[in-house]
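Novice: Dropping in upload17.txt, which is compact mmCIF, C-alpha atoms:
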```
# COMPACT_ATOMS: atom_id res chain seq x y z
CA MET A 436 87.44 91.32 116.11
CA SER A 437 84.20 92.33 114.41
CA ALA A 438 82.89 92.77 110.92
CA LEU A 439 80.71 94.91 108.69
CA SER A 440 77.77 93.39 106.84
CA LEU A 441 79.96 92.14 103.98
CA GLY A 442 82.02 90.09 106.42
CA VAL A 443 85.26 92.07 106.47
CA SER A 444 87.07 91.48 109.74
CA PHE A 445 89.07 94.14 111.51
CA THR A 446 91.84 93.32 113.95
CA ASP A 447 92.71 97.01 114.38
CA PRO A 448 90.10 98.91 116.46
CA ASP A 449 91.15 102.33 115.14
CA LEU A 450 90.70 101.20 111.54
CA GLU A 451 87.33 99.69 112.36
CA SER A 452 86.23 102.91 114.06
CA ARG A 453 87.23 105.05 111.08
CA VAL A 454 85.56 102.72 108.58
CA ARG A 455 82.34 102.56 110.57
CA ALA A 456 82.29 106.34 110.88
CA GLY A 457 82.91 106.60 107.15
CA VAL A 458 80.07 104.18 106.36
CA ASP A 459 77.70 106.21 108.53
CA ALA A 460 78.73 109.44 106.78
CA ILE A 461 78.25 107.81 103.38
CA GLU A 462 74.75 106.63 104.29
CA LYS A 463 73.76 110.13 105.36
CA GLN A 464 75.11 111.69 102.17
CA LEU A 465 73.44 109.02 100.03
CA ALA A 466 70.09 109.86 101.63
CA ILE A 467 70.64 113.53 100.79
CA ALA A 468 71.75 112.74 97.24
CA VAL A 469 68.68 110.67 96.33
CA HIS A 470 66.24 113.18 97.82
CA SER A 471 64.03 115.23 95.55
CA PRO A 472 61.35 117.86 96.22
CA GLU A 473 59.14 115.69 93.99
CA LYS A 474 57.72 113.09 96.38
CA PHE A 475 57.46 110.35 93.76
CA VAL A 476 61.03 110.88 92.52
CA ALA A 477 62.34 110.78 96.09
CA GLU A 478 60.47 107.55 96.80
CA ALA A 479 61.53 105.82 93.60
CA ALA A 480 65.16 106.98 93.85
CA ALA A 481 65.47 105.73 97.43
CA HIS A 482 63.75 102.41 96.65
CA LEU A 483 66.80 100.24 95.99
CA MET A 484 69.03 102.15 98.40
CA ASN A 485 66.59 101.45 101.24
CA ALA A 486 66.37 97.79 100.22
CA GLY A 487 69.90 97.36 101.56
CA GLY A 488 72.96 96.15 99.76
CA LYS A 489 76.49 95.43 100.81
CA ARG A 490 77.96 98.87 100.05
CA PHE A 491 80.95 96.95 98.70
CA ARG A 492 82.18 99.85 96.55
CA PRO A 493 82.02 102.51 99.29
CA LEU A 494 83.76 100.13 101.67
CA LEU A 495 86.57 99.70 99.16
CA VAL A 496 86.86 103.51 98.84
CA LEU A 497 87.29 103.78 102.61
CA LEU A 498 89.87 100.99 102.84
CA ALA A 499 91.87 102.36 99.91
CA ALA A 500 91.88 105.79 101.54
CA GLU A 501 93.76 104.27 104.48
CA PHE A 502 96.91 104.30 102.34
CA GLY A 503 96.87 108.10 102.46
CA ASP A 504 94.89 110.51 104.64
CA PRO A 505 91.60 108.66 105.29
CA LEU A 506 90.02 111.76 106.82
CA ASN A 507 90.38 113.89 103.70
CA ALA A 508 87.06 115.63 103.06
CA ASP A 509 86.79 114.27 99.50
CA VAL A 510 86.89 110.59 100.46
CA VAL A 511 83.25 110.24 101.56
CA PRO A 512 81.78 112.16 98.58
CA SER A 513 83.79 109.99 96.17
CA ALA A 514 82.30 106.90 97.83
CA VAL A 515 78.83 108.38 97.39
CA VAL A 516 79.58 108.90 93.69
CA VAL A 517 80.48 105.24 93.08
CA GLU A 518 77.49 103.94 95.03
CA LEU A 519 75.06 106.24 93.21
CA THR A 520 76.54 105.10 89.92
CA HIS A 521 76.16 101.47 90.97
CA LEU A 522 72.55 102.00 92.08
CA ALA A 523 71.74 103.70 88.79
CA THR A 524 73.05 100.71 86.84
CA LEU A 525 70.85 98.38 88.91
CA TYR A 526 67.71 100.26 87.84
CA HIS A 527 68.75 99.96 84.21
CA ASP A 528 69.88 96.33 84.52
CA ASP A 529 66.54 95.30 86.02
CA VAL A 530 64.75 96.78 83.02
CA MET A 531 66.96 94.84 80.60
CA ASP A 532 66.68 91.63 82.61
CA GLU A 533 62.98 92.11 83.42
CA ALA A 534 63.92 91.06 86.95
CA PRO A 535 61.03 91.02 89.46
CA LEU A 536 63.24 91.09 92.55
CA ARG A 537 66.27 93.10 93.63
CA ARG A 538 67.77 92.79 97.12
CA GLY A 539 64.74 90.83 98.28
CA ALA A 540 62.32 93.60 97.31
CA GLN A 541 60.33 94.35 94.19
CA SER A 542 62.54 95.82 91.48
CA ALA A 543 61.61 99.35 90.43
CA ASN A 544 60.39 98.20 87.02
CA ALA A 545 58.14 95.62 88.67
CA ARG A 546 56.79 98.07 91.24
CA TRP A 547 56.22 100.86 88.74
CA ASP A 548 57.23 100.30 85.13
CA ASN A 549 60.25 100.29 82.82
CA SER A 550 60.02 103.98 81.98
CA VAL A 551 60.10 104.99 85.63
CA ALA A 552 63.04 102.67 86.34
CA ILE A 553 65.04 104.09 83.43
CA LEU A 554 64.34 107.69 84.41
CA VAL A 555 65.22 107.08 88.05
CA GLY A 556 68.50 105.50 86.96
CA ASP A 557 69.19 108.59 84.88
CA TYR A 558 68.38 110.78 87.89
CA LEU A 559 70.90 108.93 90.03
CA PHE A 560 73.56 109.27 87.34
CA ALA A 561 72.87 113.01 87.31
CA GLN A 562 73.19 113.22 91.09
CA ALA A 563 76.52 111.39 90.94
CA SER A 564 77.73 113.80 88.25
CA ALA A 565 76.85 116.82 90.40
CA ILE A 566 78.90 115.46 93.29
CA VAL A 567 81.91 114.38 91.23
CA ALA A 568 82.06 117.85 89.65
CA ASP A 569 83.10 119.20 93.07
CA LEU A 570 85.98 116.71 93.27
CA GLY A 571 87.90 118.24 90.38
CA PRO A 572 88.54 117.61 86.69
CA ASP A 573 90.59 114.42 87.29
CA ALA A 574 87.69 112.86 89.17
CA VAL A 575 85.25 113.91 86.44
CA ARG A 576 87.51 112.35 83.80
CA ILE A 577 87.84 109.09 85.77
CA GLN A 578 84.08 108.94 86.27
CA ALA A 579 83.44 109.57 82.56
CA GLN A 580 85.91 106.86 81.52
CA THR A 581 84.34 104.45 84.00
CA PHE A 582 80.86 105.22 82.74
CA SER A 583 82.05 104.64 79.18
CA ARG A 584 83.36 101.19 80.13
CA LEU A 585 80.10 100.36 81.91
CA VAL A 586 78.07 101.24 78.82
CA HIS A 587 80.43 99.46 76.44
CA GLY A 588 80.21 96.35 78.61
CA GLN A 589 76.41 96.46 78.60
CA ILE A 590 76.29 96.96 74.83
CA ARG A 591 78.70 94.09 74.21
CA GLU A 592 76.69 91.86 76.52
CA THR A 593 73.49 92.80 74.69
CA LEU A 594 74.96 92.19 71.23
CA GLY A 595 76.77 89.01 72.25
CA PRO A 596 80.11 87.73 70.93
CA ASP A 597 81.10 88.00 67.27
CA GLU A 598 81.23 84.82 65.23
CA ASP A 599 85.00 84.48 65.67
CA ASP A 600 84.99 85.31 69.40
CA ASP A 601 85.48 82.77 72.15
CA ASN A 602 82.22 82.97 74.13
CA LEU A 603 83.86 82.60 77.54
CA GLU A 604 86.60 85.14 76.82
CA HIS A 605 83.97 87.56 75.53
CA TYR A 606 81.97 87.11 78.71
CA LEU A 607 84.97 87.67 80.99
CA SER A 608 85.79 90.88 79.13
CA VAL A 609 82.18 92.04 79.60
CA VAL A 610 82.50 91.34 83.33
CA ALA A 611 85.66 93.44 83.44
CA ASP A 612 83.83 96.40 81.88
CA LYS A 613 80.45 96.05 83.60
CA THR A 614 81.67 95.25 87.12
CA GLY A 615 85.46 95.45 87.35
CA SER A 616 85.60 99.03 86.06
CA LEU A 617 83.50 100.64 88.79
CA ILE A 618 85.11 98.60 91.57
CA ALA A 619 88.55 99.57 90.23
CA THR A 620 87.43 103.20 90.27
CA SER A 621 86.25 102.79 93.86
CA ALA A 622 89.75 101.78 94.93
CA LEU A 623 91.31 104.52 92.81
CA PHE A 624 89.02 107.22 94.18
CA GLY A 625 89.78 106.22 97.77
CA ALA A 626 93.54 106.26 97.25
CA LYS A 627 93.53 109.38 95.08
CA MET A 628 91.29 111.48 97.33
CA ALA A 629 93.43 110.48 100.31
CA GLY A 630 96.60 111.61 98.53
CA ALA A 631 98.25 108.18 98.38
CA GLU A 632 101.40 107.71 96.31
CA VAL A 633 100.84 107.18 92.58
CA GLU A 634 102.30 103.65 92.78
CA VAL A 635 99.83 102.81 95.53
CA GLN A 636 96.95 104.22 93.49
CA GLU A 637 97.95 102.04 90.55
CA ALA A 638 98.24 98.88 92.65
CA LEU A 639 94.88 99.50 94.29
CA THR A 640 93.23 100.15 90.93
CA GLN A 641 94.55 96.81 89.64
CA PHE A 642 93.37 95.17 92.86
CA GLY A 643 89.90 96.63 92.38
CA GLU A 644 89.71 95.32 88.83
CA ARG A 645 90.57 91.76 89.88
CA ILE A 646 88.45 91.64 93.03
CA GLY A 647 85.63 93.19 91.01
CA ALA A 648 85.77 90.31 88.52
CA ALA A 649 85.77 87.81 91.39
CA PHE A 650 82.78 89.61 92.94
CA GLN A 651 80.69 89.34 89.75
CA LEU A 652 81.70 85.77 88.96
CA ARG A 653 80.74 84.78 92.49
CA ASP A 654 77.36 86.42 91.81
CA ASP A 655 77.01 84.10 88.80
CA ILE A 656 77.46 81.10 91.08
CA ILE A 657 75.07 82.47 93.70
CA ASP A 658 72.43 83.05 91.00
CA ILE A 659 72.48 79.35 90.21
CA ALA A 660 73.21 77.81 93.61
CA SER A 661 71.07 79.85 96.00
CA GLU A 662 67.41 79.80 96.87
CA THR A 663 65.43 83.07 96.69
CA GLY A 664 65.47 83.57 100.43
CA ASP A 665 69.24 83.18 100.63
CA SER A 666 70.32 85.83 98.15
CA GLY A 667 67.40 88.23 97.91
CA LYS A 668 67.31 87.62 94.17
CA THR A 669 65.30 85.30 91.96
CA PRO A 670 67.49 82.24 91.26
CA GLY A 671 68.28 81.64 87.62
CA THR A 672 67.20 85.08 86.39
CA ASP A 673 69.89 85.03 83.70
CA LEU A 674 68.89 81.49 82.69
CA ARG A 675 65.31 82.62 82.18
CA GLU A 676 66.47 85.45 79.93
CA GLY A 677 68.97 83.33 78.03
CA VAL A 678 71.88 85.45 79.29
CA PRO A 679 74.96 83.21 79.59
CA THR A 680 76.99 83.41 82.80
CA LEU A 681 80.17 81.67 83.89
CA PRO A 682 78.72 78.27 84.96
CA VAL A 683 76.50 78.17 81.86
CA LEU A 684 79.34 78.93 79.46
CA ILE A 685 81.53 76.27 81.08
CA ALA A 686 78.73 73.69 80.93
CA LEU A 687 78.09 74.49 77.26
CA ARG A 688 81.71 73.56 76.50
CA SER A 689 81.10 69.99 77.66
CA THR A 690 81.27 67.27 75.02
CA ASP A 691 79.96 64.57 77.36
CA PRO A 692 76.90 62.87 75.78
CA ALA A 693 75.36 62.77 79.26
CA ASP A 694 75.15 66.56 79.17
CA GLU A 695 73.14 66.69 75.94
CA ARG A 696 69.89 67.56 77.73
CA LEU A 697 71.52 70.31 79.80
CA ARG A 698 73.21 71.81 76.74
CA SER A 699 69.89 71.79 74.93
CA LEU A 700 68.18 73.63 77.77
CA LEU A 701 70.98 76.17 78.15
CA SER A 702 70.95 77.05 74.47
CA LYS A 703 67.75 79.12 74.77
CA PRO A 704 65.87 81.44 77.14
CA LEU A 705 64.09 79.26 79.70
CA VAL A 706 60.71 80.92 79.91
CA ASP A 707 58.96 77.65 80.74
CA ASP A 708 58.94 77.13 84.52
CA VAL A 709 59.38 73.35 84.29
CA GLU A 710 62.36 73.61 81.95
CA HIS A 711 63.82 76.41 84.06
CA SER A 712 63.66 74.26 87.20
CA GLU A 713 65.13 71.28 85.36
CA ALA A 714 68.06 73.34 84.05
CA LEU A 715 68.75 74.77 87.51
CA ALA A 716 68.82 71.30 89.05
CA LEU A 717 71.09 69.87 86.36
CA LEU A 718 73.46 72.82 86.48
CA ARG A 719 73.70 72.79 90.26
CA ALA A 720 74.91 69.19 90.11
CA HIS A 721 77.29 69.75 87.17
CA PRO A 722 81.12 69.94 87.47
CA ALA A 723 80.86 73.36 85.79
CA MET A 724 79.95 74.80 89.18
CA ASP A 725 83.25 73.70 90.72
CA GLU A 726 85.14 74.97 87.69
CA ALA A 727 83.37 78.31 88.02
CA ARG A 728 84.34 78.46 91.68
CA ALA A 729 87.95 77.87 90.62
CA TYR A 730 87.76 80.93 88.35
CA VAL A 731 86.53 83.01 91.29
CA HIS A 732 89.30 81.82 93.59
CA ALA A 733 91.91 82.48 90.91
CA ASP A 734 90.79 86.10 90.57
CA ALA A 735 90.66 86.53 94.34
CA ASP A 736 94.18 85.08 94.65
CA ALA A 737 95.44 87.39 91.89
CA ALA A 738 93.91 90.35 93.72
CA ARG A 739 95.52 89.27 96.98
CA ALA A 740 98.93 89.04 95.30
CA LEU A 741 98.65 92.69 94.22
CA LEU A 742 98.39 93.71 97.87
CA ASP A 743 102.05 92.74 98.33
CA LYS A 744 102.92 96.00 96.57
CA LEU A 745 101.20 98.07 99.28
CA PRO A 746 102.54 99.39 102.60
CA ASP A 747 101.87 97.04 105.50
CA VAL A 748 99.14 99.07 107.22
CA PRO A 749 96.06 97.58 108.96
CA ALA A 750 93.89 98.23 105.89
CA ARG A 751 95.99 95.78 103.88
CA ALA A 752 95.01 92.94 106.22
CA ALA A 753 91.37 94.00 105.86
CA LEU A 754 91.67 93.88 102.07
CA GLU A 755 93.23 90.43 102.31
CA ALA A 756 90.23 89.31 104.37
CA LEU A 757 87.97 90.88 101.75
CA CYS A 758 89.45 88.56 99.12
CA ASP A 759 88.39 85.53 101.14
CA THR A 760 84.91 86.94 101.74
CA VAL A 761 84.29 87.75 98.09
CA ALA A 762 85.38 84.28 96.97
CA THR A 763 83.13 82.40 99.39
CA ARG A 764 80.09 84.63 100.09
CA LEU A 765 76.62 83.13 99.82
CA SER A 766 74.63 86.30 99.11
```
How does this structure look as C-alpha cells?
Specialist:
Amino acid sequence: MSALSLGVSFTDPDLESRVRAGVDAIEKQLAIAVHSPEKFVAEAAAHLMNAGGKRFRPLLVLLAAEFGDPLNADVVPSAVVVELTHLATLYHDDVMDEAPLRRGAQSANARWDNSVAILVGDYLFAQASAIVADLGPDAVRIQAQTFSRLVHGQIRETLGPDEDDDNLEHYLSVVADKTGSLIATSALFGAKMAGAEVEVQEALTQFGERIGAAFQLRDDIIDIASETGDSGKTPGTDLREGVPTLPVLIALRSTDPADERLRSLLSKPLVDDVEHSEALALLRAHPAMDEARAYVHADADAARALLDKLPDVPARAALEALCDTVATRLS
C-alpha cells in the first residue's frame, strides 16, 4: 500500500499505476499550458504551480474516471482545466486577501504587485478556456456554469450576508459556491470524459460537492490551528482581514460572558499583531474548534455515504480513504 502526496492510499496496484501515470501526464500538460513566449508571463504564471500544491482536483478527476474508461484521451485535459481554474482563483484570492504567503512561497501579489497577480489569473483562466473548448460544448457549458458559481461565491463573500441572513448559513453557502463547485466539476469531468453512466456522474458530482465543502472547512481549521511552517500559509490570514470563517462564526454565537474578549476581537479586522496573536490563542483553545471539526466530519461522512451508489471498483475504496484524509489533514 502506498499513497500520493495528499495521503490517498491504494490497495490495488493497477489503480495506483494508472493514477500515478495520470498525475505525471497532468503535470506535463500543466507546464505546457502555463508557458508563454513572454518570459515574465511564463515565470509569473508558473509561480504558484511550481510552489507545489496537493493537486486535489486533478486527483479527483482521475479517480472519478475509473468508473468509466480511465484511459480516455479527454480525461487528462479535463483535469488540467480544473487545476488551471483553481490556480487562477488563487492569484485573485491572494489579491483580495492581501496574503503574503501561498504554499510556503511568496504570493504573486507580494512578489510583484496586485495588477500582475490579477492579470496572471486572467491568463490562466484563458488557458483553461482554450483547453476546455476542445472537450466539446457540454464541457464548455459546465465550465462556464462552474465559473459563474465561483464568481457569485466570491461576490457574496465580499458583500457579506444581508441583514436577515443567518451568518453561518450564508458562509456555508459561499463555501459551496467558491470551493464545492469546482471540486464537484472535477468529479463530473472525470466521470463524463470517461463515459460513465449518467447515474454515476450524478452521484460523483454530489460527492464532489460534499467533499469539497469538507475540504474548505478543514482549511478554516488549519488556518487557525497550524503554525506557518506546518501549512505553508500565514496562520490567521482571514482573522487579520476580518473575513469570518467557520470557527470564528461558531465562536461569535457564544453567549458565555467568559468569551466577551474573544467576541470583541473577532468582530473586527485584526491588523494589530498583539491583538491578532491574542485572538489566535483564544480561538485555538475555544470549544468552537471542536464544533468546527464536527462540521467537517459530517460533510465527509455525507460524502462517503454517496459512494454507496457507485459500483464497487477499486477507485471507490480510494475515494472512501480520501474522505478520511480530507477530514483530518494538517496542511
Novice: Need to verify the contact set: A:Gln464, 8 Å, all atoms listed in the file, exclusion of same-chain residues closer than 4 positions in sequence. Can you return it as a ChimeraX atom specification?
Specialist: /A:460,468,512,515
Novice: Grab the atom CA of A:Val709 to atom CA of A:Asp694 distance for me, in Å with one decimal place.
Specialist: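 For atom CA of A:Val709 relative to atom CA of A:Asp694, the distance reads 17.9 Å.
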Novice: Counting all atoms listed in the file, which of A:Glu473, A:Glu501, A:Glu755, A:Asp654 gets nearest to A:Leu623?
Specialist: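 Between A:Glu473, A:Glu501, A:Glu755, A:Asp654, the residue approaching A:Leu623 most closely is A:Glu501.
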Novice: Which is closest to A:Asp673 among A:Arg645, A:Arg653, A:His711, A:Arg688, if we use only C-alpha atoms?
Specialist: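 Closest residue, counting only C-alpha atoms: A:His711.
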Novice: Please, what distance in Å, to one decimal, runs between atom CA of A:Ala611 and atom CA of A:Ala716?
Specialist: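 Between these atoms lies a distance of 28.4 Å.
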Novice: Quick one: of A:Ile590, A:Ile685, A:Leu674, A:Ala733, who's nearest to A:Val706, counting all atoms listed in the file?
Specialist: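 The closest residue to A:Val706 is A:Leu674.
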Novice: Record the distance separating atom CA of A:Lys744 and atom CA of A:Glu634, expressed in Å with one decimal.
Specialist: 8.6 Å
Novice: Which is closer to A:Tyr606 than all the others in A:Pro670, A:Leu684, A:Leu554, A:Ala649, using only C-alpha atoms?
Specialist: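 Among the listed residues, A:Leu684 lies closest to A:Tyr606.
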Novice: At most 6 Å from (89.5, 107.7, 90.8), file frame, all atoms listed in the file: which residues, as a ChimeraX atom specification?
Specialist: /A:574,577,620,623-624
Novice: Nearest to A:Phe491: which of A:Leu700, A:Leu745, A:Val443, A:Ala477 is it, counting only C-alpha atoms?
Specialist: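 Of all the options, A:Val443 lies closest to A:Phe491.
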Novice: In the coordinates of the file, take the point (90.8, 86.4, 96.7) and a cut-off of 9 Å; then, counting only C-alpha atoms, name each qualifying protein, DNA or RNA residue as a PyMOL selection string.
Specialist: chain A and resi 645-646+649+731-740+755-762
Novice: Might you pull out every residue within 12 Å of A:Glu462, with all atoms listed in the file counted and same-chain residues fewer than 4 positions away left off, and present them as number ranges by chain?
Specialist: A: 455-458, 466-469, 481, 484-485, 487-490, 493-494, 511-512, 514-516, 518-519
Novice: For A:Leu639, work out the shell of residues within 8 Å, counting all atoms listed in the file and skipping chain neighbours fewer than 4 positions away, then give it as a list of chain:residue names.
Specialist: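 Everything that qualifies: A:Ala499, A:Ala619, A:Ala622, A:Leu623, A:Ala626, A:Val635, A:Gly643, A:Leu741, A:Leu742.
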Novice: Extract, using only C-alpha atoms, all DNA, RNA and protein residues at most 7 Å from A:Ala648, discarding same-chain residues fewer than 4 positions from it, and format them as a list of chain:residue names.
Specialist: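 My list of contacting residues is A:Val610, A:Ala611, A:Thr614, A:Gly615, A:Glu644, A:Leu652, A:Asp734.
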Novice: Go through A:Leu718, A:Ile659, A:Leu525, A:Val678 and flag the residue nearest A:Arg696, using all atoms listed in the file for the distances.
Specialist: A:Leu718
